[in-house]
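S.K.: Sharing protein_23.txt (compact mmCIF, C-alpha atoms) below.
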```txt
# COMPACT_ATOMS: atom_id res chain seq x y z
CA MET D 7 -26.21 -69.11 -54.03
CA ASP D 8 -25.32 -65.70 -55.39
CA GLU D 9 -23.65 -64.44 -52.24
CA GLY D 10 -22.16 -61.48 -54.07
CA SER D 11 -25.46 -59.93 -55.17
CA ASN D 12 -25.76 -56.21 -54.58
CA ILE D 13 -28.53 -53.84 -53.69
CA THR D 14 -29.16 -51.98 -56.91
CA ARG D 15 -30.89 -48.65 -57.26
CA ARG D 16 -33.51 -50.25 -59.49
CA ARG D 17 -34.45 -52.87 -56.90
CA ALA D 18 -34.44 -50.31 -54.08
CA LEU D 19 -36.81 -48.11 -56.09
CA LEU D 20 -38.97 -51.11 -56.94
CA ALA D 21 -39.21 -52.16 -53.29
CA GLY D 22 -39.89 -48.60 -52.11
CA GLY D 23 -42.53 -48.08 -54.78
CA GLY D 24 -44.11 -51.45 -54.04
CA THR D 25 -44.24 -50.68 -50.32
CA LEU D 26 -45.82 -47.28 -50.96
CA LEU D 27 -48.32 -48.84 -53.36
CA PHE D 28 -49.18 -51.54 -50.82
CA GLY D 29 -49.64 -49.04 -47.98
CA GLY D 30 -51.57 -46.66 -50.23
CA GLY D 31 -53.84 -49.44 -51.40
CA VAL D 32 -54.60 -50.49 -47.83
CA ALA D 33 -55.30 -46.87 -46.83
CA TYR D 34 -57.54 -46.36 -49.86
CA ALA D 35 -59.55 -49.50 -49.11
CA ALA D 36 -59.88 -48.45 -45.46
CA SER D 37 -61.07 -44.92 -46.20
CA ARG D 38 -63.51 -45.98 -48.91
CA SER D 39 -66.96 -44.95 -47.71
CA GLY D 40 -70.31 -46.19 -48.91
CA SER D 41 -71.05 -44.34 -52.10
CA ASN D 42 -74.18 -46.34 -52.91
CA GLU D 43 -76.09 -45.07 -49.91
CA GLN D 44 -79.72 -44.67 -50.77
CA ALA D 45 -82.77 -43.80 -48.76
CA TYR D 46 -85.10 -46.73 -48.36
CA VAL D 47 -88.01 -46.93 -45.98
CA PRO D 48 -90.10 -50.11 -46.17
CA SER D 49 -93.77 -49.62 -46.87
CA ASN D 50 -94.84 -52.64 -44.80
CA PHE D 51 -94.05 -53.68 -41.25
CA HIS D 52 -95.83 -56.24 -39.12
CA THR D 53 -95.71 -58.11 -35.85
CA SER D 54 -96.26 -61.78 -35.16
CA GLU D 55 -96.49 -64.03 -32.13
CA GLU D 56 -95.56 -67.16 -34.05
CA THR D 57 -92.46 -69.34 -34.04
CA THR D 58 -91.47 -70.11 -37.62
CA GLY D 59 -90.80 -73.56 -39.05
CA PHE D 60 -87.09 -72.76 -38.78
CA GLY D 61 -87.50 -72.19 -35.03
CA VAL D 62 -87.24 -68.39 -34.94
CA GLU D 63 -89.49 -66.73 -32.37
CA LEU D 64 -91.12 -63.67 -33.93
CA ALA D 65 -92.78 -62.13 -30.86
CA GLY D 66 -91.33 -58.70 -30.16
CA ARG D 67 -89.00 -58.81 -33.18
CA PRO D 68 -89.23 -56.12 -35.87
CA ILE D 69 -90.47 -57.59 -39.17
CA VAL D 70 -90.36 -55.80 -42.51
CA GLY D 71 -92.47 -56.90 -45.48
CA GLU D 72 -95.69 -58.76 -46.14
CA PRO D 73 -96.77 -61.43 -43.61
CA ASP D 74 -97.32 -63.97 -46.42
CA ALA D 75 -94.03 -63.41 -48.26
CA PRO D 76 -92.73 -66.85 -49.34
CA VAL D 77 -89.16 -66.26 -48.16
CA ASP D 78 -88.10 -65.25 -44.65
CA VAL D 79 -84.73 -63.54 -44.25
CA TYR D 80 -83.61 -63.81 -40.63
CA TYR D 81 -81.02 -61.09 -40.09
CA TRP D 82 -78.88 -61.26 -36.96
CA THR D 83 -77.24 -57.92 -36.23
CA ASP D 84 -75.33 -55.86 -33.68
CA TYR D 85 -75.43 -52.04 -33.56
CA LEU D 86 -71.69 -51.98 -32.80
CA CYS D 87 -70.83 -54.06 -35.88
CA PRO D 88 -69.25 -52.03 -38.74
CA PHE D 89 -69.86 -54.90 -41.16
CA CYS D 90 -73.61 -54.71 -40.38
CA LYS D 91 -73.56 -51.00 -41.15
CA GLU D 92 -71.93 -51.84 -44.47
CA PHE D 93 -74.76 -54.29 -45.22
CA GLU D 94 -77.44 -51.81 -44.13
CA ARG D 95 -76.05 -49.06 -46.35
CA GLU D 96 -74.93 -50.95 -49.41
CA THR D 97 -77.19 -53.96 -49.76
CA LEU D 98 -80.33 -53.81 -47.63
CA PRO D 99 -81.94 -50.97 -49.65
CA ASP D 100 -81.57 -53.03 -52.85
CA ILE D 101 -82.99 -56.15 -51.20
CA GLY D 102 -85.84 -54.01 -49.90
CA THR D 103 -86.63 -52.51 -53.28
CA ASP D 104 -86.24 -55.71 -55.33
CA TYR D 105 -87.62 -58.34 -52.95
CA VAL D 106 -89.41 -56.88 -49.91
CA GLU D 107 -91.54 -54.36 -51.78
CA THR D 108 -92.49 -57.01 -54.34
CA GLY D 109 -93.83 -59.27 -51.58
CA ASP D 110 -91.22 -62.00 -52.13
CA VAL D 111 -89.31 -61.53 -48.88
CA ARG D 112 -89.90 -60.42 -45.35
CA VAL D 113 -86.92 -59.52 -43.16
CA VAL D 114 -86.93 -60.37 -39.46
CA PHE D 115 -84.49 -58.35 -37.35
CA LEU D 116 -82.80 -60.47 -34.69
CA SER D 117 -80.11 -59.59 -32.16
CA TYR D 118 -76.64 -61.11 -31.98
CA PRO D 119 -74.75 -58.95 -29.47
CA ASN D 120 -71.10 -59.93 -29.88
CA ILE D 121 -68.92 -56.94 -30.63
CA GLY D 122 -68.58 -54.79 -27.51
CA GLU D 123 -69.80 -54.11 -23.99
CA TYR D 124 -72.73 -51.99 -25.14
CA SER D 125 -73.92 -54.50 -27.77
CA LEU D 126 -76.50 -56.02 -25.42
CA PRO D 127 -77.85 -52.71 -24.00
CA ALA D 128 -78.11 -51.40 -27.57
CA ALA D 129 -80.16 -54.46 -28.54
CA VAL D 130 -82.45 -53.83 -25.55
CA TRP D 131 -82.94 -50.20 -26.66
CA SER D 132 -83.89 -51.45 -30.11
CA ARG D 133 -86.45 -53.97 -28.87
CA CYS D 134 -88.02 -51.42 -26.56
CA VAL D 135 -88.28 -48.85 -29.34
CA TRP D 136 -89.99 -51.42 -31.58
CA ASP D 137 -92.27 -52.40 -28.71
CA GLN D 138 -93.41 -48.79 -28.41
CA VAL D 139 -93.98 -48.00 -32.10
CA ALA D 140 -94.76 -51.38 -33.75
CA GLU D 141 -98.54 -51.00 -33.80
CA THR D 142 -98.86 -47.29 -34.47
CA GLN D 143 -95.76 -45.85 -36.13
CA PRO D 144 -93.55 -48.76 -37.28
CA ALA D 145 -91.58 -46.55 -39.71
CA ALA D 146 -90.27 -44.68 -36.65
CA TYR D 147 -88.42 -47.84 -35.69
CA TRP D 148 -86.74 -47.86 -39.08
CA HIS D 149 -85.56 -44.27 -38.62
CA TRP D 150 -84.30 -45.05 -35.11
CA HIS D 151 -82.49 -48.14 -36.39
CA GLU D 152 -80.82 -46.14 -39.20
CA SER D 153 -79.79 -43.39 -36.78
CA ALA D 154 -78.22 -45.98 -34.46
CA PHE D 155 -76.04 -47.30 -37.29
CA ASP D 156 -75.27 -43.77 -38.46
CA ALA D 157 -73.96 -43.04 -34.96
CA GLN D 158 -71.15 -45.59 -35.36
CA SER D 159 -67.88 -43.71 -35.24
CA GLU D 160 -65.03 -44.25 -37.66
CA SER D 161 -63.25 -46.56 -35.23
CA GLY D 162 -63.62 -48.12 -31.81
CA HIS D 163 -66.73 -48.72 -29.71
CA ASP D 164 -66.53 -45.73 -27.36
CA TRP D 165 -69.40 -43.99 -29.14
CA ALA D 166 -71.88 -46.62 -27.92
CA ASP D 167 -73.23 -45.63 -24.53
CA GLU D 168 -76.37 -44.64 -22.67
CA GLU D 169 -76.05 -41.02 -23.71
CA THR D 170 -75.78 -41.75 -27.43
CA PHE D 171 -78.78 -44.10 -27.53
CA ALA D 172 -80.84 -41.81 -25.31
CA GLY D 173 -80.06 -38.96 -27.73
CA ILE D 174 -81.07 -41.02 -30.78
CA THR D 175 -84.30 -42.03 -29.06
CA GLU D 176 -85.18 -38.45 -28.15
CA GLU D 177 -84.42 -37.15 -31.61
CA THR D 178 -86.36 -39.79 -33.54
CA GLU D 179 -89.79 -38.58 -34.46
CA ASN D 180 -92.73 -40.56 -33.05
CA VAL D 181 -90.55 -42.41 -30.53
CA GLU D 182 -91.43 -41.60 -26.95
CA ARG D 183 -88.37 -41.70 -24.72
CA SER D 184 -90.31 -42.21 -21.47
CA ALA D 185 -92.12 -45.29 -22.82
CA VAL D 186 -88.84 -46.75 -24.04
CA ASP D 187 -87.20 -46.09 -20.65
CA ASP D 188 -90.15 -47.71 -18.92
CA CYS D 189 -89.70 -50.82 -21.07
CA ARG D 190 -85.96 -50.95 -20.34
CA GLU D 191 -86.45 -50.55 -16.62
CA ASN D 192 -89.48 -52.75 -16.02
CA ARG D 193 -89.21 -55.36 -18.76
CA GLY D 194 -85.49 -55.24 -19.44
CA ASP D 195 -84.88 -58.75 -18.09
CA ALA D 196 -87.57 -60.31 -20.27
CA VAL D 197 -86.23 -58.43 -23.29
CA GLN D 198 -82.71 -59.67 -22.53
CA GLU D 199 -84.02 -63.22 -22.34
CA SER D 200 -85.61 -62.90 -25.77
CA ILE D 201 -82.33 -61.48 -27.11
CA ASP D 202 -80.56 -64.50 -25.65
CA VAL D 203 -83.03 -66.71 -27.51
CA ASP D 204 -82.05 -64.93 -30.76
CA LEU D 205 -78.38 -65.48 -29.98
CA GLN D 206 -78.89 -69.18 -29.30
CA THR D 207 -80.99 -69.60 -32.46
CA GLY D 208 -78.25 -67.91 -34.47
CA ARG D 209 -75.56 -70.11 -32.97
CA SER D 210 -77.66 -73.22 -33.60
CA ALA D 211 -77.86 -72.12 -37.23
CA GLY D 212 -74.06 -72.10 -37.28
CA LEU D 213 -73.55 -68.34 -37.29
CA GLN D 214 -70.32 -67.17 -35.70
CA GLY D 215 -70.49 -63.46 -36.29
CA THR D 216 -72.49 -60.54 -37.59
CA PRO D 217 -74.13 -59.84 -39.89
CA GLY D 218 -75.55 -63.34 -40.20
CA PHE D 219 -78.49 -64.48 -42.30
CA VAL D 220 -80.71 -67.47 -42.77
CA LEU D 221 -82.93 -67.50 -45.84
CA TYR D 222 -85.94 -69.73 -45.30
CA ASN D 223 -88.65 -70.89 -47.68
CA ARG D 224 -91.56 -71.44 -45.30
CA GLU D 225 -93.62 -73.58 -47.61
CA ALA D 226 -90.84 -75.86 -48.82
CA ASP D 227 -89.06 -75.79 -45.43
CA VAL D 228 -85.72 -75.14 -47.14
CA ALA D 229 -83.08 -72.89 -45.62
CA GLY D 230 -79.71 -71.42 -46.58
CA LYS D 231 -77.14 -69.56 -44.51
CA MET D 232 -75.10 -66.48 -45.38
CA VAL D 233 -72.48 -64.79 -43.24
CA GLY D 234 -71.07 -61.30 -43.66
CA ALA D 235 -71.69 -58.36 -45.94
CA HIS D 236 -71.80 -60.22 -49.24
CA PRO D 237 -72.29 -58.23 -52.44
CA TYR D 238 -75.91 -57.73 -53.46
CA GLU D 239 -75.65 -60.23 -56.35
CA ASN D 240 -74.88 -63.05 -53.88
CA PHE D 241 -77.97 -62.19 -51.84
CA ALA D 242 -80.12 -61.95 -54.94
CA ASN D 243 -78.91 -65.34 -56.22
CA ALA D 244 -79.44 -66.96 -52.82
CA ILE D 245 -82.96 -65.50 -52.43
CA ASP D 246 -83.88 -66.67 -55.94
CA GLN D 247 -82.62 -70.18 -55.20
CA ILE D 248 -84.48 -70.44 -51.89
CA ARG D 249 -87.68 -68.98 -53.36
CA ASP D 250 -87.62 -71.45 -56.25
CA ALA D 251 -86.71 -74.44 -54.08
CA MET X 21 -19.10 -63.18 -45.45
CA ASN X 22 -18.19 -60.18 -43.39
CA GLY X 23 -16.89 -62.06 -40.38
CA ARG X 24 -19.41 -60.54 -37.94
CA ALA X 25 -19.54 -63.18 -35.22
CA ASP X 26 -21.54 -61.83 -32.33
CA THR X 27 -25.31 -61.90 -32.23
CA ASP X 28 -26.04 -62.82 -28.64
CA GLY X 29 -23.91 -60.37 -26.65
CA ARG X 30 -21.40 -62.89 -25.41
CA ALA X 31 -18.42 -60.95 -26.80
CA ASP X 32 -18.04 -57.40 -28.02
CA PRO X 33 -16.46 -56.49 -31.39
CA GLU X 34 -13.03 -56.06 -29.80
CA GLY X 35 -13.17 -59.48 -28.25
CA ARG X 36 -13.33 -58.29 -24.61
CA THR X 37 -15.23 -60.71 -22.47
CA ASP X 38 -14.55 -59.18 -19.05
CA PRO X 39 -16.05 -55.68 -18.85
CA GLU X 40 -14.44 -53.22 -16.47
CA GLY X 41 -16.97 -51.52 -14.26
CA ARG X 42 -20.51 -50.18 -14.78
CA ALA X 43 -19.53 -47.64 -17.45
CA GLY X 44 -18.01 -50.44 -19.50
CA ALA X 45 -21.16 -52.53 -19.14
CA ASP X 46 -23.37 -49.59 -20.18
CA GLY X 47 -21.17 -48.90 -23.15
CA ARG X 48 -21.31 -52.50 -24.18
CA ALA X 49 -25.11 -52.54 -23.88
CA GLY X 50 -25.25 -49.47 -26.12
CA ALA X 51 -22.92 -51.13 -28.60
CA ASP X 52 -25.07 -54.25 -28.52
CA GLY X 53 -28.16 -52.15 -29.21
CA ARG X 54 -26.51 -50.41 -32.13
CA ARG X 55 -25.30 -53.75 -33.47
CA TRP X 56 -28.79 -55.18 -33.16
CA LEU X 57 -30.29 -52.23 -35.01
CA ARG X 58 -27.65 -52.59 -37.71
CA ALA X 59 -28.50 -56.30 -37.95
CA VAL X 60 -32.20 -55.46 -38.35
CA GLY X 61 -31.25 -53.00 -41.09
CA ASP X 62 -29.13 -55.68 -42.83
CA ALA X 63 -31.96 -58.20 -42.54
CA VAL X 64 -34.57 -55.81 -43.93
CA ALA X 65 -32.27 -54.89 -46.82
CA TYR X 66 -31.52 -58.51 -47.68
CA PRO X 67 -34.50 -59.05 -50.04
CA LEU X 68 -33.11 -56.19 -52.15
CA THR X 69 -30.03 -58.23 -53.05
CA SER X 70 -31.63 -60.15 -55.92
CA ASN X 71 -34.73 -59.99 -58.09
CA GLY X 72 -35.80 -63.45 -56.92
CA ARG X 73 -35.58 -62.50 -53.24
CA LEU X 74 -37.49 -59.28 -53.85
CA LEU X 75 -40.19 -61.29 -55.60
CA VAL X 76 -40.36 -63.81 -52.72
CA ALA X 77 -40.64 -60.95 -50.20
CA GLY X 78 -43.37 -59.26 -52.22
CA VAL X 79 -45.40 -62.44 -52.66
CA ALA X 80 -44.97 -63.40 -48.97
CA THR X 81 -46.04 -59.90 -47.89
CA ALA X 82 -49.15 -59.96 -50.05
CA ALA X 83 -50.03 -63.51 -49.00
CA THR X 84 -49.55 -62.68 -45.30
CA TYR X 85 -51.73 -59.60 -45.54
CA ALA X 86 -54.43 -61.56 -47.36
CA VAL X 87 -54.37 -64.37 -44.79
CA LEU X 88 -54.42 -61.96 -41.84
CA VAL X 89 -57.30 -59.92 -43.23
CA LEU X 90 -59.36 -62.88 -44.45
CA SER X 91 -58.93 -64.71 -41.15
CA SER X 92 -60.50 -61.78 -39.29
CA PHE X 93 -63.89 -63.18 -40.41
CA PRO X 94 -63.14 -66.71 -41.66
CA GLN X 95 -66.76 -67.80 -42.06
CA PHE X 96 -67.47 -64.90 -44.42
CA SER X 97 -64.21 -65.32 -46.33
CA LEU X 98 -64.69 -69.04 -46.86
CA GLN X 99 -68.29 -68.67 -47.97
CA LEU X 100 -67.51 -65.81 -50.34
CA LEU X 101 -64.46 -67.43 -51.91
CA THR X 102 -65.89 -70.93 -52.27
CA ASN X 103 -68.92 -69.37 -53.96
CA ASP X 104 -66.74 -67.37 -56.35
CA PRO X 105 -62.93 -67.15 -55.99
CA THR X 106 -62.90 -64.02 -58.15
CA ASP X 107 -64.54 -62.22 -55.21
CA LEU X 108 -61.11 -62.16 -53.50
CA PRO X 109 -60.56 -58.43 -54.18
CA TYR X 110 -64.05 -57.67 -52.79
CA ALA X 111 -63.27 -59.71 -49.66
CA LEU X 112 -59.90 -57.98 -49.16
CA VAL X 113 -61.27 -54.47 -49.65
CA THR X 114 -64.33 -55.07 -47.46
CA LEU X 115 -62.37 -56.70 -44.64
CA THR X 116 -59.65 -54.03 -44.82
CA ARG X 117 -62.38 -51.44 -44.29
CA GLU X 118 -63.74 -53.61 -41.45
CA ALA X 119 -60.26 -53.84 -39.87
CA TYR X 120 -59.92 -50.07 -40.01
CA LEU X 121 -63.36 -49.48 -38.50
CA THR X 122 -62.63 -51.97 -35.72
CA THR X 123 -59.03 -51.13 -34.84
CA GLY X 124 -58.43 -47.70 -36.41
CA TRP X 125 -55.42 -46.47 -38.38
CA LEU X 126 -53.03 -47.82 -35.74
CA GLY X 127 -54.39 -51.35 -36.08
CA LEU X 128 -54.23 -51.18 -39.86
CA ALA X 129 -50.68 -49.76 -39.80
CA LEU X 130 -49.61 -52.58 -37.50
CA LEU X 131 -51.25 -55.13 -39.80
CA THR X 132 -49.40 -53.68 -42.80
CA ALA X 133 -46.07 -53.57 -40.94
CA TYR X 134 -46.69 -57.12 -39.81
CA ALA X 135 -47.18 -58.31 -43.38
CA LEU X 136 -44.08 -56.43 -44.65
CA LEU X 137 -41.85 -57.79 -41.89
CA THR X 138 -43.18 -61.30 -42.45
CA GLY X 139 -42.31 -60.95 -46.15
CA VAL X 140 -38.73 -60.06 -45.19
CA ALA X 141 -38.56 -62.78 -42.53
CA VAL X 142 -39.78 -65.47 -44.94
CA THR X 143 -37.18 -64.45 -47.55
CA ASN X 144 -34.39 -64.51 -44.96
CA ALA X 145 -35.63 -67.78 -43.46
CA VAL X 146 -35.52 -69.47 -46.88
CA THR X 147 -31.87 -68.46 -47.19
CA LEU X 148 -31.08 -69.58 -43.65
CA VAL X 149 -32.63 -73.00 -44.17
CA ARG X 150 -30.85 -73.47 -47.49
CA ARG X 151 -27.50 -72.55 -45.90
CA ALA X 152 -28.13 -74.71 -42.85
CA ARG X 153 -28.98 -77.74 -44.96
CA ARG X 154 -25.73 -77.36 -46.85
CA ARG X 155 -23.66 -77.07 -43.69
CA SER X 156 -24.76 -79.36 -40.91
CA ALA X 157 -27.72 -80.54 -38.93
CA SER X 158 -26.58 -78.64 -35.84
CA THR X 159 -26.75 -75.35 -37.72
CA LEU X 160 -30.27 -76.22 -38.80
CA VAL X 161 -31.20 -76.77 -35.15
CA GLY X 162 -29.77 -73.32 -34.35
CA VAL X 163 -32.05 -71.74 -36.94
CA VAL X 164 -35.22 -73.42 -35.72
CA PRO X 165 -35.99 -71.13 -32.72
CA GLY X 166 -35.80 -68.08 -34.95
CA LEU X 167 -38.07 -69.67 -37.54
CA LEU X 168 -40.53 -70.65 -34.84
CA ALA X 169 -40.51 -67.11 -33.50
CA ALA X 170 -41.20 -65.72 -36.96
CA GLY X 171 -43.83 -68.36 -37.64
CA CYS X 172 -45.67 -67.72 -34.38
CA ALA X 173 -45.55 -63.99 -34.97
CA SER X 174 -47.00 -64.45 -38.42
CA CYS X 175 -49.89 -66.59 -37.30
CA GLY X 176 -50.53 -64.81 -34.00
CA ALA X 177 -52.97 -62.24 -35.26
CA GLY X 178 -54.77 -64.60 -37.56
CA VAL X 179 -54.89 -67.78 -35.56
CA LEU X 180 -57.63 -66.63 -33.20
CA GLY X 181 -59.92 -65.83 -36.07
CA ALA X 182 -58.98 -68.98 -37.94
CA LEU X 183 -59.92 -71.03 -34.89
CA ASP X 184 -63.30 -69.35 -34.99
CA PHE X 185 -62.94 -67.44 -31.73
CA VAL X 186 -65.29 -64.78 -32.96
CA GLY X 187 -64.69 -61.45 -31.32
CA ALA X 188 -61.49 -62.76 -29.76
CA MET X 189 -59.36 -60.02 -31.29
CA ALA X 190 -61.88 -57.37 -30.31
CA ALA X 191 -61.91 -58.69 -26.75
CA LEU X 192 -58.13 -58.52 -26.42
CA PRO X 193 -56.48 -55.39 -25.00
CA PHE X 194 -56.61 -52.51 -27.49
CA ASP X 195 -58.71 -54.63 -29.89
CA GLY X 196 -55.82 -57.02 -30.45
CA ASN X 197 -53.29 -54.29 -31.23
CA LEU X 198 -51.18 -55.45 -28.28
CA LEU X 199 -50.94 -58.91 -29.85
CA ARG X 200 -49.95 -57.35 -33.16
CA VAL X 201 -47.25 -55.25 -31.45
CA GLY X 202 -46.02 -58.44 -29.75
CA GLY X 203 -45.88 -60.24 -33.11
CA ILE X 204 -43.96 -57.36 -34.70
CA LEU X 205 -41.46 -57.34 -31.81
CA LEU X 206 -41.01 -61.09 -32.23
CA LEU X 207 -40.35 -60.63 -35.94
CA LEU X 208 -37.87 -57.81 -35.24
CA PHE X 209 -36.17 -60.06 -32.67
CA PHE X 210 -35.83 -62.80 -35.29
CA LEU X 211 -34.51 -60.37 -37.92
CA GLY X 212 -32.07 -58.74 -35.47
CA ARG X 213 -30.84 -62.14 -34.39
CA THR X 214 -30.05 -63.31 -37.91
CA GLY X 215 -29.10 -60.03 -39.57
CA ASP X 216 -28.05 -60.55 -43.18
CA PRO X 217 -28.58 -64.30 -43.50
CA ARG X 218 -25.51 -64.64 -45.75
CA THR X 219 -23.15 -63.58 -42.96
CA CYS X 220 -21.63 -65.84 -40.29
CA ALA X 221 -23.35 -65.97 -36.96
CA ILE X 222 -22.69 -67.97 -33.81
CA GLN X 223 -26.01 -69.37 -32.65
```
Just give me the structure of the file as structure tokens.
M.R.:
Amino acid sequence: MDEGSNITRRRALLAGGGTLLFGGGVAYAASRSGSNEQAYVPSNFHTSEETTGFGVELAGRPIVGEPDAPVDVYYWTDYLCPFCKEFERETLPDIGTDYVETGDVRVVFLSYPNIGEYSLPAAVWSRCVWDQVAETQPAAYWHWHESAFDAQSESGHDWADEETFAGITEETENVERSAVDDCRENRGDAVQESIDVDLQTGRSAGLQGTPGFVLYNREADVAGKMVGAHPYENFANAIDQIRDA
Amino acid sequence: MNGRADTDGRADPEGRTDPEGRAGADGRAGADGRRWLRAVGDAVAYPLTSNGRLLVAGVATAATYAVLVLSSFPQFSLQLLTNDPTDLPYALVTLTREAYLTTGWLGLALLTAYALLTGVAVTNAVTLVRRARRRSASTLVGVVPGLLAAGCASCGAGVLGALDFVGAMAALPFDGNLLRVGGILLLLFFLGRTGDPRTCAIQ
């Protein structure tokens, strides 16, 4: 072994530069914000009381797209999940434009509270908002949902509390706070039970975190699972495969 | 070799083993602390002593960071990389952003420090094991606790995710930052204990 090796200026500079580059790269990746944000509001929403062939209960769950779309995308989410926000900003608008609006896909929003203490209450807020606007002003749910993700702070979960969600509910047009509060107070337990059903269905599908997805061809009874905020191309390929199965 | 022969506080540099009074004990503790800090400095500088060692440290740092970040959401990482291994940069960038949004700048700084220290510890451990194998089995046994400490520290932050305890890090105090601080302290303990791995040390 070369026990007599010395610390040379060149190596010291190389190590210092490498360390700075490494730290700078990490900081750059961390501070990168979604530049592909685009406004997308679905043109079709619907409700259903069915349980799908995959075993997902649709009653009370927000559904985007045409009722007869050949592919179901079950999307398990958590309002405290930064990765879900990434998906909602970067990928969901493209899926909406290229697959939901064309009638190929409908997206079912399911709850998977797993990140923080307020994950479950946030999911209850969401269900109660949908319950209030589903028949008359379903787009209001979309705006509420977007505002809830926009409220995520840069770090930590302290932002998620009663006050924040109450504020979002009051500020969202066509959402009536008193009706939502009534739902939370009088039907909160039933809503929580249905959220628990979502959670169990997600776990049965093998999902261990959010965002989680199952793509399901209803006619062919073929399903595929995706976990995390994959790039759009991966979603597009997976949807194409399931649709053509 | 520089003849430094005290890493566990059993004798001071002057060879006194019977301290005289409280002031002497305090002074010796201070000297021990300074010696430990110097040893950490020697250990951290060791990868700079050859191009090969610097390369090992760099590769180990990058690999540790990748493993730690990817293991924060193993199901996603596995699915993405088995589908297309060239998506590794996407996975690293996305999960780095995720780590920042979950644990803040402090968590990310700890993660980076963790990877850098592991890079140094791996380089020094390789030297220690090589030396120990050339000397005797008993020396190798003396090195093992330090290697275990470094190994545990390296896997500590990632192992919970790798075992699929989803949300485990988030559920830990300070979103797992306490565990990361513990791992870094363990690594510093290992580095301070060994110092420059080319020098003599009584284990």
S.K.: What gap, in Å, lies between atom CA of Gly61 of chain X and atom CA of Ala145 of chain X?
M.R.: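 Between atom CA of Gly61 of chain X and atom CA of Ala145 of chain X the gap is 15.6 Å.
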S.K.: Which residues, written as a ChimeraX atom specification, have at least one atom at most 10 Å from Leu108 of chain X, with only C-alpha atoms counted and residues fewer than 6 positions away on the same chain left out?
M.R.: /X:86,90,97,100-101,114
S.K.: I'd like the contact shell of Gly109 of chain D - 10 Å cut-off, all atoms listed in the file, skipping same-chain residues fewer than 5 positions apart - returned as a list in words.
M.R.: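 Near Gly109 of chain D, the qualifying residues are Asn50, Gly71, Glu72, Pro73, Asp74, Ala75, Pro76, Val77, Gly102 and Asp104 of chain D.
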S.K.: Could you check how far atom CA of Gly139 of chain X sits from atom CA of Pro105 of chain X, in Å to one decimal?
M.R.: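 So the two atoms, atom CA of Gly139 of chain X and atom CA of Pro105 of chain X, lie 23.7 Å apart.
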S.K.: Go through chain X residue by residue and, counting all atoms listed in the file, keep those with an atom at most 7 Å from chain D; for each kept residue give the shortest atom pair and its distance in Å to one decimal, ordered by chain and increasing number, as JSON lines.
M.R.:
```
{"residue": "X:Leu68", "atom": "CA", "partner": "D:Ile13", "partner_atom": "CA", "distance": 5.4}
{"residue": "X:Thr69", "atom": "CA", "partner": "D:Ile13", "partner_atom": "CA", "distance": 4.7}
{"residue": "X:Ser70", "atom": "CA", "partner": "D:Ser11", "partner_atom": "CA", "distance": 6.2}
{"residue": "X:Gln95", "atom": "CA", "partner": "D:Val233", "partner_atom": "CA", "distance": 6.6}
{"residue": "X:Phe96", "atom": "CA", "partner": "D:Gly234", "partner_atom": "CA", "distance": 5.1}
{"residue": "X:Val113", "atom": "CA", "partner": "D:Ala35", "partner_atom": "CA", "distance": 5.3}
{"residue": "X:Thr116", "atom": "CA", "partner": "D:Ala36", "partner_atom": "CA", "distance": 5.6}
{"residue": "X:Arg117", "atom": "CA", "partner": "D:Ala36", "partner_atom": "CA", "distance": 4.1}
{"residue": "X:Glu118", "atom": "CA", "partner": "D:Phe89", "partner_atom": "CA", "distance": 6.3}
{"residue": "X:Tyr120", "atom": "CA", "partner": "D:Ala36", "partner_atom": "CA", "distance": 5.7}
{"residue": "X:Leu121", "atom": "CA", "partner": "D:Ser161", "partner_atom": "CA", "distance": 4.4}
{"residue": "X:Thr122", "atom": "CA", "partner": "D:Ser161", "partner_atom": "CA", "distance": 5.5}
{"residue": "X:Thr123", "atom": "CA", "partner": "D:Ser161", "partner_atom": "CA", "distance": 6.2}
{"residue": "X:Gly124", "atom": "CA", "partner": "D:Ser161", "partner_atom": "CA", "distance": 5.1}
{"residue": "X:Thr132", "atom": "CA", "partner": "D:Gly29", "partner_atom": "CA", "distance": 7.0}
{"residue": "X:Val186", "atom": "CA", "partner": "D:Gln214", "partner_atom": "CA", "distance": 6.2}
{"residue": "X:Gly187", "atom": "CA", "partner": "D:Ile121", "partner_atom": "CA", "distance": 6.2}
{"residue": "X:Arg218", "atom": "CA", "partner": "D:Glu9", "partner_atom": "CA", "distance": 6.8}
```
S.K.: What would the file look like if the residues just selected were written as a CSV table (one decimal), in the coordinates of the input with C-alpha atoms?
M.R.:
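The new file selection.csv reads:
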```csv
chain,number,residue,atom,x,y,z
X,68,LEU,CA,-33.1,-56.2,-52.2
X,69,THR,CA,-30.0,-58.2,-53.0
X,70,SER,CA,-31.6,-60.2,-55.9
X,95,GLN,CA,-66.8,-67.8,-42.1
X,96,PHE,CA,-67.5,-64.9,-44.4
X,113,VAL,CA,-61.3,-54.5,-49.6
X,116,THR,CA,-59.6,-54.0,-44.8
X,117,ARG,CA,-62.4,-51.4,-44.3
X,118,GLU,CA,-63.7,-53.6,-41.4
X,120,TYR,CA,-59.9,-50.1,-40.0
X,121,LEU,CA,-63.4,-49.5,-38.5
X,122,THR,CA,-62.6,-52.0,-35.7
X,123,THR,CA,-59.0,-51.1,-34.8
X,124,GLY,CA,-58.4,-47.7,-36.4
X,132,THR,CA,-49.4,-53.7,-42.8
X,186,VAL,CA,-65.3,-64.8,-33.0
X,187,GLY,CA,-64.7,-61.4,-31.3
X,218,ARG,CA,-25.5,-64.6,-45.8
```
